[in-house]
Amino acid sequence: MASTTIKGFCATSSQLLARRHCRALSVLNTTALDRWIFDSKSLTLADTFTPTHLADLHITLPTRDGTRGRPYHPPEVGAPLGYGHHLAFFHPRNPEPALRPDGTDAEFCPPEPFTRRMWAGGTMQWNTDPHSTLRVGETARAVSNVVRVEKKGFDTDNPHANPMLVVTQRIEVTANGRTDPSAVEERSHVYLAFGGSKRTVKNVQGLPKPDFSFTYKPSLTTLFRFSALTFNGHRIHLDKFYAQEHEGYPERLVHGPLTALMLLEVLLFNRPDLRLRTFGYRACNPVIVDRLCTIHGTFTGENTAELWCEDAEGVVGMTGSVSFS
């Protein structure tokens with residue numbers, strides 16, 4: 001697959017890459033890492049889908065904030081929870097000194113030197129039983145378990161290899177008083193050992209002609225609001241100096257779950273009658289703050305659609321696929 005350097009991203013020499021690679025592996029305690037990989041990791045969190053918190057989410061999303069020809073409607077108790085809106089809930093509440101250096105929570109994080117996190121993709125599946133629908137005002141629990149850990153770039157013979165771990169957790173969201181999950185999610189995070197390396201654009205080809213599109217600009221205010229909604233202190237969304245000097249990006253990045261949520265939102269903005277069954281998405285390139293984004297969608301079958309997000313230069317930030325009834 002062809003690639004080109006993103007303008008403004010930090011570049012390093014082959015020698016520096018080799019030194020960083022060797023340094024990352026030299027400080028790696030493989031015994032501790034293997035023990036962490038094979039240890040059972042689970043977390044249970046409870047939360048309530050309060051109308052006030054959901055109202056803050058709705059006013060943050062350009063599909064629901066009343067600026068696109070449709071009035072803003074605050075969520076009402078008893079109404080179905082929006083698809084993917086559980087992402088604004090079930091966050092750990094850790095004191096600041098307990099966070100990782102990049103501002104992320106330490107739950108499910110591998111041991112050092114893998115301290116830098118990126119949201120890579122995931123899946124969602126909704127229970128189609130009407131009695132299992134999550135609703136505004138309900139209290140629910142989310143049970144998370146790490147189900148896969150993949151090692152990548154651990155080849156010490158390749159100085160350009162960037163050692164990383166892909167950690168996938170499965171999350172089952174079940175409303176109080178029910179036994180079957182209403183939503184089952186898998187989310188994958190990539191953990192890196194060092195930053196500031198060369199960043200390249202991944203060319204995404206073969207996308208269909210869109211049936212609908214929606215353009216918006218995720219601003220610093222958008223990032224601040226979504227960080228607050230998700231209790232997310234990740235500095236890559238908030239700290240320009242950190243994003244540039246420590247991560248090698250030209251600016252702060254838009255949250256992966258926000259872009260994934262916008263894929264769903266735009267689909268339902270155009271077809272509010274759909275009942276979603278499954279959703280899968282993959283981050284392809286970073287989505288940069290204060291740049292125009294366009295969500296495109298195409299109906300690929302009677303009950304399926306393809307979705308993707310691209311910037312004004314045609315760089316695809318995320319792709320997704322949905323099945324519905």
# chains A, B, ... in the order shown; residues from 1 in each chain; ligands from 1
>>> residues_around(residues="segment 174-190 of chain A", least_positions_apart="2", cutoff="9 Å", atoms="only C-alpha atoms", output="number ranges by chain")
A: 86, 116-129, 132-135, 138-143, 147-148, 164-172, 192
>>> write_last_selection(atoms="N, CA, C and O atoms", output="CSV table (one decimal), in the first residue's frame")
chain,number,residue,atom,x,y,z
A,86,HIS,N,-23.7,5.0,24.8
A,86,HIS,CA,-23.1,4.5,26.1
A,86,HIS,C,-21.6,4.8,26.2
A,86,HIS,O,-21.1,4.8,27.3
A,116,ARG,N,2.0,4.8,25.9
A,116,ARG,CA,1.2,5.7,25.0
A,116,ARG,C,0.1,4.9,24.3
A,116,ARG,O,0.3,3.9,23.7
A,117,ARG,N,-1.1,5.5,24.4
A,117,ARG,CA,-2.3,4.8,23.9
A,117,ARG,C,-2.9,5.5,22.7
A,117,ARG,O,-3.0,6.7,22.7
A,118,MET,N,-3.4,4.6,21.8
A,118,MET,CA,-4.2,5.1,20.7
A,118,MET,C,-5.4,4.2,20.5
A,118,MET,O,-5.3,3.0,20.6
A,119,TRP,N,-6.6,4.8,20.2
A,119,TRP,CA,-7.8,4.1,19.9
A,119,TRP,C,-7.7,3.6,18.5
A,119,TRP,O,-7.7,4.4,17.6
A,120,ALA,N,-7.8,2.3,18.3
A,120,ALA,CA,-7.6,1.7,17.0
A,120,ALA,C,-8.8,1.3,16.2
A,120,ALA,O,-8.9,1.3,15.0
A,121,GLY,N,-9.9,0.9,17.0
A,121,GLY,CA,-11.1,0.5,16.3
A,121,GLY,C,-11.9,-0.4,17.2
A,121,GLY,O,-11.6,-0.5,18.4
A,122,GLY,N,-13.0,-1.0,16.7
A,122,GLY,CA,-13.8,-1.8,17.5
A,122,GLY,C,-15.1,-2.2,16.8
A,122,GLY,O,-15.3,-2.0,15.6
A,123,THR,N,-15.9,-2.9,17.6
A,123,THR,CA,-17.3,-3.3,17.1
A,123,THR,C,-18.3,-3.1,18.2
A,123,THR,O,-18.0,-2.9,19.4
A,124,MET,N,-19.5,-3.0,17.7
A,124,MET,CA,-20.7,-2.9,18.6
A,124,MET,C,-21.8,-3.8,18.1
A,124,MET,O,-22.0,-3.9,16.9
A,125,GLN,N,-22.5,-4.4,19.0
A,125,GLN,CA,-23.6,-5.3,18.6
A,125,GLN,C,-24.8,-5.0,19.6
A,125,GLN,O,-24.5,-5.0,20.8
A,126,TRP,N,-26.0,-4.8,19.1
A,126,TRP,CA,-27.1,-4.4,19.9
A,126,TRP,C,-28.1,-5.6,19.9
A,126,TRP,O,-28.4,-6.2,18.9
A,127,ASN,N,-28.6,-5.8,21.1
A,127,ASN,CA,-29.7,-6.8,21.3
A,127,ASN,C,-31.0,-6.3,20.6
A,127,ASN,O,-31.4,-5.2,21.0
A,128,THR,N,-31.5,-7.0,19.7
A,128,THR,CA,-32.7,-6.6,18.9
A,128,THR,C,-34.0,-6.8,19.7
A,128,THR,O,-35.1,-6.4,19.2
A,129,ASP,N,-34.0,-7.5,20.8
A,129,ASP,CA,-35.2,-7.7,21.6
A,129,ASP,C,-35.6,-6.3,22.2
A,129,ASP,O,-34.9,-5.7,22.9
A,132,SER,N,-34.9,-5.3,25.7
A,132,SER,CA,-33.5,-5.2,26.1
A,132,SER,C,-33.0,-3.8,25.7
A,132,SER,O,-31.8,-3.5,26.0
A,133,THR,N,-33.8,-2.9,25.1
A,133,THR,CA,-33.3,-1.6,24.7
A,133,THR,C,-32.9,-0.8,26.0
A,133,THR,O,-33.6,-0.7,26.9
A,134,LEU,N,-31.7,-0.2,25.9
A,134,LEU,CA,-31.3,0.7,26.9
A,134,LEU,C,-32.1,2.0,26.8
A,134,LEU,O,-32.3,2.5,25.7
A,135,ARG,N,-32.4,2.6,28.0
A,135,ARG,CA,-33.3,3.8,28.0
A,135,ARG,C,-32.7,4.9,28.8
A,135,ARG,O,-32.0,4.6,29.8
A,138,GLU,N,-32.2,5.0,32.9
A,138,GLU,CA,-31.9,3.7,33.5
A,138,GLU,C,-30.5,3.6,34.1
A,138,GLU,O,-29.6,4.4,33.6
A,139,THR,N,-30.3,2.8,35.0
A,139,THR,CA,-29.0,2.4,35.5
A,139,THR,C,-28.6,1.1,35.0
A,139,THR,O,-29.4,0.2,34.8
A,140,ALA,N,-27.3,1.0,34.6
A,140,ALA,CA,-26.8,-0.2,33.9
A,140,ALA,C,-25.4,-0.5,34.5
A,140,ALA,O,-24.7,0.4,35.1
A,141,ARG,N,-24.9,-1.6,34.2
A,141,ARG,CA,-23.5,-2.0,34.5
A,141,ARG,C,-22.8,-2.4,33.2
A,141,ARG,O,-23.4,-3.0,32.3
A,142,ALA,N,-21.5,-2.1,33.2
A,142,ALA,CA,-20.6,-2.5,32.1
A,142,ALA,C,-19.5,-3.4,32.6
A,142,ALA,O,-18.8,-3.0,33.5
A,143,VAL,N,-19.5,-4.6,32.1
A,143,VAL,CA,-18.5,-5.5,32.5
A,143,VAL,C,-17.5,-5.7,31.4
A,143,VAL,O,-17.8,-6.1,30.3
A,147,VAL,N,-9.8,-9.6,26.2
A,147,VAL,CA,-10.0,-10.8,25.5
A,147,VAL,C,-8.8,-11.2,24.5
A,147,VAL,O,-8.7,-12.3,24.1
A,148,ARG,N,-8.1,-10.2,24.1
A,148,ARG,CA,-6.9,-10.4,23.2
A,148,ARG,C,-5.8,-9.4,23.5
A,148,ARG,O,-6.1,-8.2,23.7
A,164,MET,N,4.8,-2.6,19.6
A,164,MET,CA,3.5,-2.2,20.1
A,164,MET,C,2.7,-3.4,20.6
A,164,MET,O,3.0,-4.5,20.2
A,165,LEU,N,1.7,-3.1,21.4
A,165,LEU,CA,0.7,-4.1,21.8
A,165,LEU,C,-0.7,-3.6,21.4
A,165,LEU,O,-1.0,-2.4,21.5
A,166,VAL,N,-1.5,-4.5,20.9
A,166,VAL,CA,-2.9,-4.3,20.6
A,166,VAL,C,-3.7,-5.0,21.6
A,166,VAL,O,-3.7,-6.2,21.7
A,167,VAL,N,-4.4,-4.2,22.5
A,167,VAL,CA,-5.2,-4.8,23.6
A,167,VAL,C,-6.7,-4.6,23.3
A,167,VAL,O,-7.1,-3.4,23.0
A,168,THR,N,-7.4,-5.7,23.2
A,168,THR,CA,-8.8,-5.6,22.9
A,168,THR,C,-9.6,-6.1,24.1
A,168,THR,O,-9.4,-7.1,24.7
A,169,GLN,N,-10.6,-5.2,24.5
A,169,GLN,CA,-11.4,-5.5,25.6
A,169,GLN,C,-12.9,-5.7,25.1
A,169,GLN,O,-13.3,-5.1,24.2
A,170,ARG,N,-13.6,-6.6,25.7
A,170,ARG,CA,-15.0,-6.9,25.5
A,170,ARG,C,-15.8,-6.3,26.6
A,170,ARG,O,-15.5,-6.5,27.8
A,171,ILE,N,-16.8,-5.5,26.2
A,171,ILE,CA,-17.6,-4.8,27.2
A,171,ILE,C,-19.1,-5.2,27.0
A,171,ILE,O,-19.6,-5.0,25.9
A,172,GLU,N,-19.7,-5.7,28.1
A,172,GLU,CA,-21.1,-6.1,28.0
A,172,GLU,C,-21.9,-5.1,28.9
A,172,GLU,O,-21.6,-5.0,30.1
A,192,LEU,N,2.0,2.1,22.5
A,192,LEU,CA,3.4,2.2,21.9
A,192,LEU,C,4.4,2.5,23.0
A,192,LEU,O,4.0,3.0,24.1
>>> residues_around(residues="Asp239 of chain A", least_positions_apart="6", cutoff="10 Å", atoms="only C-alpha atoms", output="number ranges by chain")
A: 102, 233, 251-253
>>> closest_residue(among="A:Thr104, A:Ser227, A:Asn145, A:Ser325", to="Leu43 of chain A", atoms="only C-alpha atoms")
A:Asn145
>>> closest_atom_pairs(of="segment 151-266 of chain A", to="segment 60-81 of chain A", cutoff="8 Å", atoms="only C-alpha atoms", output="CSV")
residue,atom,partner,partner_atom,distance
A:Tyr216,CA,A:Pro62,CA,7.2
A:Thr222,CA,A:Thr60,CA,6.5
A:Arg225,CA,A:Thr60,CA,6.8
A:Phe226,CA,A:Thr60,CA,7.3
A:Met262,CA,A:Leu61,CA,7.7
A:Glu265,CA,A:Thr63,CA,6.5
A:Val266,CA,A:Thr63,CA,6.8
>>> residues_around(residues="segment 314-321 of chain A", least_positions_apart="5", cutoff="8 Å", atoms="only C-alpha atoms", output="MDAnalysis selection string")
chainID A and resid 201 203:204 259:260 263 279:287 304:309
>>> write_last_selection(atoms="N, CA and C atoms", output="PDB file, in the first residue's frame")
ATOM      1  N   VAL A 201       0.672   8.842   5.816  1.00  0.00           N
ATOM      2  CA  VAL A 201      -0.733   8.703   5.461  1.00  0.00           C
ATOM      3  C   VAL A 201      -0.971   7.314   4.891  1.00  0.00           C
ATOM      4  N   ASN A 203      -3.167   5.267   2.570  1.00  0.00           N
ATOM      5  CA  ASN A 203      -4.127   5.470   1.497  1.00  0.00           C
ATOM      6  C   ASN A 203      -5.215   4.410   1.561  1.00  0.00           C
ATOM      7  N   VAL A 204      -6.451   4.838   1.634  1.00  0.00           N
ATOM      8  CA  VAL A 204      -7.601   3.928   1.676  1.00  0.00           C
ATOM      9  C   VAL A 204      -8.271   3.976   0.308  1.00  0.00           C
ATOM     10  N   THR A 259     -15.320  10.161  16.571  1.00  0.00           N
ATOM     11  CA  THR A 259     -15.476   9.948  15.133  1.00  0.00           C
ATOM     12  C   THR A 259     -16.339   8.726  14.857  1.00  0.00           C
ATOM     13  N   ALA A 260     -16.134   7.650  15.628  1.00  0.00           N
ATOM     14  CA  ALA A 260     -16.968   6.452  15.461  1.00  0.00           C
ATOM     15  C   ALA A 260     -18.431   6.777  15.729  1.00  0.00           C
ATOM     16  N   LEU A 263     -19.975   8.566  12.816  1.00  0.00           N
ATOM     17  CA  LEU A 263     -20.364   7.687  11.709  1.00  0.00           C
ATOM     18  C   LEU A 263     -21.800   7.206  11.913  1.00  0.00           C
ATOM     19  N   PHE A 279     -22.076  -2.909  14.259  1.00  0.00           N
ATOM     20  CA  PHE A 279     -21.252  -1.807  13.761  1.00  0.00           C
ATOM     21  C   PHE A 279     -19.792  -2.184  13.989  1.00  0.00           C
ATOM     22  N   GLY A 280     -19.003  -2.071  12.942  1.00  0.00           N
ATOM     23  CA  GLY A 280     -17.567  -2.273  13.051  1.00  0.00           C
ATOM     24  C   GLY A 280     -16.848  -1.082  12.458  1.00  0.00           C
ATOM     25  N   TYR A 281     -15.750  -0.665  13.067  1.00  0.00           N
ATOM     26  CA  TYR A 281     -15.040   0.516  12.580  1.00  0.00           C
ATOM     27  C   TYR A 281     -13.541   0.350  12.803  1.00  0.00           C
ATOM     28  N   ARG A 282     -12.765   1.091  12.026  1.00  0.00           N
ATOM     29  CA  ARG A 282     -11.314   1.009  12.098  1.00  0.00           C
ATOM     30  C   ARG A 282     -10.716   2.388  11.851  1.00  0.00           C
ATOM     31  N   ALA A 283      -9.829   2.821  12.740  1.00  0.00           N
ATOM     32  CA  ALA A 283      -9.105   4.071  12.541  1.00  0.00           C
ATOM     33  C   ALA A 283      -8.017   3.853  11.506  1.00  0.00           C
ATOM     34  N   CYS A 284      -7.970   4.730  10.504  1.00  0.00           N
ATOM     35  CA  CYS A 284      -6.999   4.595   9.416  1.00  0.00           C
ATOM     36  C   CYS A 284      -5.913   5.655   9.494  1.00  0.00           C
ATOM     37  N   ASN A 285      -6.293   6.883   9.791  1.00  0.00           N
ATOM     38  CA  ASN A 285      -5.375   8.007   9.913  1.00  0.00           C
ATOM     39  C   ASN A 285      -5.881   8.931  11.009  1.00  0.00           C
ATOM     40  N   PRO A 286      -4.993   9.724  11.604  1.00  0.00           N
ATOM     41  CA  PRO A 286      -5.446  10.648  12.646  1.00  0.00           C
ATOM     42  C   PRO A 286      -6.401  11.697  12.083  1.00  0.00           C
ATOM     43  N   VAL A 287      -7.420  12.014  12.853  1.00  0.00           N
ATOM     44  CA  VAL A 287      -8.344  13.104  12.522  1.00  0.00           C
ATOM     45  C   VAL A 287      -7.897  14.313  13.337  1.00  0.00           C
ATOM     46  N   THR A 304     -27.365  -3.204   4.857  1.00  0.00           N
ATOM     47  CA  THR A 304     -25.985  -2.883   5.187  1.00  0.00           C
ATOM     48  C   THR A 304     -25.602  -1.518   4.621  1.00  0.00           C
ATOM     49  N   ALA A 305     -24.616  -0.908   5.264  1.00  0.00           N
ATOM     50  CA  ALA A 305     -24.092   0.374   4.794  1.00  0.00           C
ATOM     51  C   ALA A 305     -22.612   0.465   5.130  1.00  0.00           C
ATOM     52  N   GLU A 306     -21.888   1.194   4.269  1.00  0.00           N
ATOM     53  CA  GLU A 306     -20.484   1.501   4.520  1.00  0.00           C
ATOM     54  C   GLU A 306     -20.380   2.988   4.845  1.00  0.00           C
ATOM     55  N   LEU A 307     -19.524   3.319   5.808  1.00  0.00           N
ATOM     56  CA  LEU A 307     -19.357   4.692   6.261  1.00  0.00           C
ATOM     57  C   LEU A 307     -17.877   5.017   6.331  1.00  0.00           C
ATOM     58  N   TRP A 308     -17.532   6.278   6.094  1.00  0.00           N
ATOM     59  CA  TRP A 308     -16.152   6.685   6.269  1.00  0.00           C
ATOM     60  C   TRP A 308     -16.069   8.182   6.494  1.00  0.00           C
ATOM     61  N   CYS A 309     -14.977   8.575   7.122  1.00  0.00           N
ATOM     62  CA  CYS A 309     -14.711   9.986   7.427  1.00  0.00           C
ATOM     63  C   CYS A 309     -13.456  10.411   6.697  1.00  0.00           C
TER      64      CYS A 309
END
>>> closest_residue(among="A:Gly206, A:Glu310, A:Arg277, A:Ile288", to="Phe324 of chain A", atoms="only C-alpha atoms")
A:Arg277
>>> select_by_dssp(residues="segment 193-291 of chain A", states="alpha helix (DSSP H)", output="VMD selection string")
chain A and resid 220 to 229 240 to 245 256 to 270
>>> write_last_selection(atoms="N, CA and C atoms", output="short mmCIF file (atom, residue, chain, number, x, y, z; two decimals), in the first residue's frame")
data_model
loop_
_atom_site.label_atom_id
_atom_site.label_comp_id
_atom_site.auth_asym_id
_atom_site.auth_seq_id
_atom_site.Cartn_x
_atom_site.Cartn_y
_atom_site.Cartn_z
N LEU A 220 -11.57 22.89 18.97
CA LEU A 220 -11.03 22.70 20.31
C LEU A 220 -12.14 22.61 21.34
N THR A 221 -13.20 23.37 21.13
CA THR A 221 -14.35 23.30 22.04
C THR A 221 -14.98 21.92 21.99
N THR A 222 -15.11 21.37 20.78
CA THR A 222 -15.66 20.02 20.63
C THR A 222 -14.82 19.02 21.42
N LEU A 223 -13.50 19.09 21.26
CA LEU A 223 -12.61 18.16 21.95
C LEU A 223 -12.69 18.33 23.46
N PHE A 224 -12.74 19.58 23.92
CA PHE A 224 -12.86 19.82 25.36
C PHE A 224 -14.16 19.22 25.89
N ARG A 225 -15.24 19.48 25.19
CA ARG A 225 -16.54 18.99 25.67
C ARG A 225 -16.59 17.46 25.68
N PHE A 226 -16.06 16.83 24.63
CA PHE A 226 -16.12 15.36 24.59
C PHE A 226 -15.18 14.76 25.63
N SER A 227 -14.03 15.39 25.85
CA SER A 227 -13.14 14.93 26.92
C SER A 227 -13.84 15.00 28.26
N ALA A 228 -14.56 16.10 28.50
CA ALA A 228 -15.28 16.24 29.76
C ALA A 228 -16.41 15.22 29.88
N LEU A 229 -17.13 15.00 28.79
CA LEU A 229 -18.23 14.04 28.81
C LEU A 229 -17.76 12.63 29.13
N LYS A 240 -1.42 20.86 22.97
CA LYS A 240 -0.79 20.98 21.66
C LYS A 240 0.69 20.64 21.72
N PHE A 241 1.39 21.13 22.72
CA PHE A 241 2.82 20.85 22.85
C PHE A 241 3.05 19.35 22.99
N TYR A 242 2.24 18.70 23.80
CA TYR A 242 2.40 17.25 23.98
C TYR A 242 2.15 16.52 22.66
N ALA A 243 1.07 16.89 21.96
CA ALA A 243 0.74 16.22 20.70
C ALA A 243 1.86 16.36 19.68
N GLN A 244 2.50 17.53 19.65
CA GLN A 244 3.55 17.77 18.67
C GLN A 244 4.88 17.16 19.09
N GLU A 245 5.32 17.46 20.31
CA GLU A 245 6.67 17.11 20.73
C GLU A 245 6.80 15.66 21.20
N GLY A 256 -11.03 9.06 18.90
CA GLY A 256 -11.51 7.96 18.07
C GLY A 256 -12.97 7.64 18.31
N PRO A 257 -13.41 7.51 19.57
CA PRO A 257 -14.82 7.21 19.80
C PRO A 257 -15.77 8.31 19.34
N LEU A 258 -15.32 9.56 19.32
CA LEU A 258 -16.17 10.64 18.81
C LEU A 258 -16.39 10.48 17.31
N THR A 259 -15.32 10.16 16.57
CA THR A 259 -15.48 9.95 15.13
C THR A 259 -16.34 8.73 14.86
N ALA A 260 -16.13 7.65 15.63
CA ALA A 260 -16.97 6.45 15.46
C ALA A 260 -18.43 6.78 15.73
N LEU A 261 -18.67 7.55 16.77
CA LEU A 261 -20.05 7.95 17.09
C LEU A 261 -20.65 8.79 15.97
N MET A 262 -19.84 9.67 15.38
CA MET A 262 -20.33 10.50 14.29
C MET A 262 -20.68 9.67 13.05
N LEU A 263 -19.97 8.57 12.82
CA LEU A 263 -20.36 7.69 11.71
C LEU A 263 -21.80 7.21 11.91
N LEU A 264 -22.10 6.74 13.13
CA LEU A 264 -23.46 6.28 13.44
C LEU A 264 -24.47 7.42 13.37
N GLU A 265 -24.08 8.57 13.91
CA GLU A 265 -24.99 9.71 13.95
C GLU A 265 -25.39 10.16 12.55
N VAL A 266 -24.43 10.21 11.65
CA VAL A 266 -24.73 10.68 10.28
C VAL A 266 -25.63 9.68 9.57
N LEU A 267 -25.37 8.39 9.77
CA LEU A 267 -26.26 7.38 9.17
C LEU A 267 -27.69 7.59 9.65
N LEU A 268 -27.86 7.76 10.95
CA LEU A 268 -29.21 7.91 11.51
C LEU A 268 -29.79 9.29 11.25
N PHE A 269 -28.95 10.28 11.00
CA PHE A 269 -29.43 11.61 10.60
C PHE A 269 -30.15 11.50 9.26
N ASN A 270 -29.65 10.62 8.40
CA ASN A 270 -30.25 10.42 7.08
C ASN A 270 -31.34 9.36 7.07
#
>>> atom_distance(atom1="atom CA of His58 of chain A", atom2="atom CA of Asp290 of chain A")
19.8 Å
>>> select_by_dssp(residues="segment 42-213 of chain A", states="strand (DSSP E or B)", output="number ranges by chain")
A: 42-48, 80, 116-126, 135, 139-152, 164-175, 183-192, 200-202, 212-213
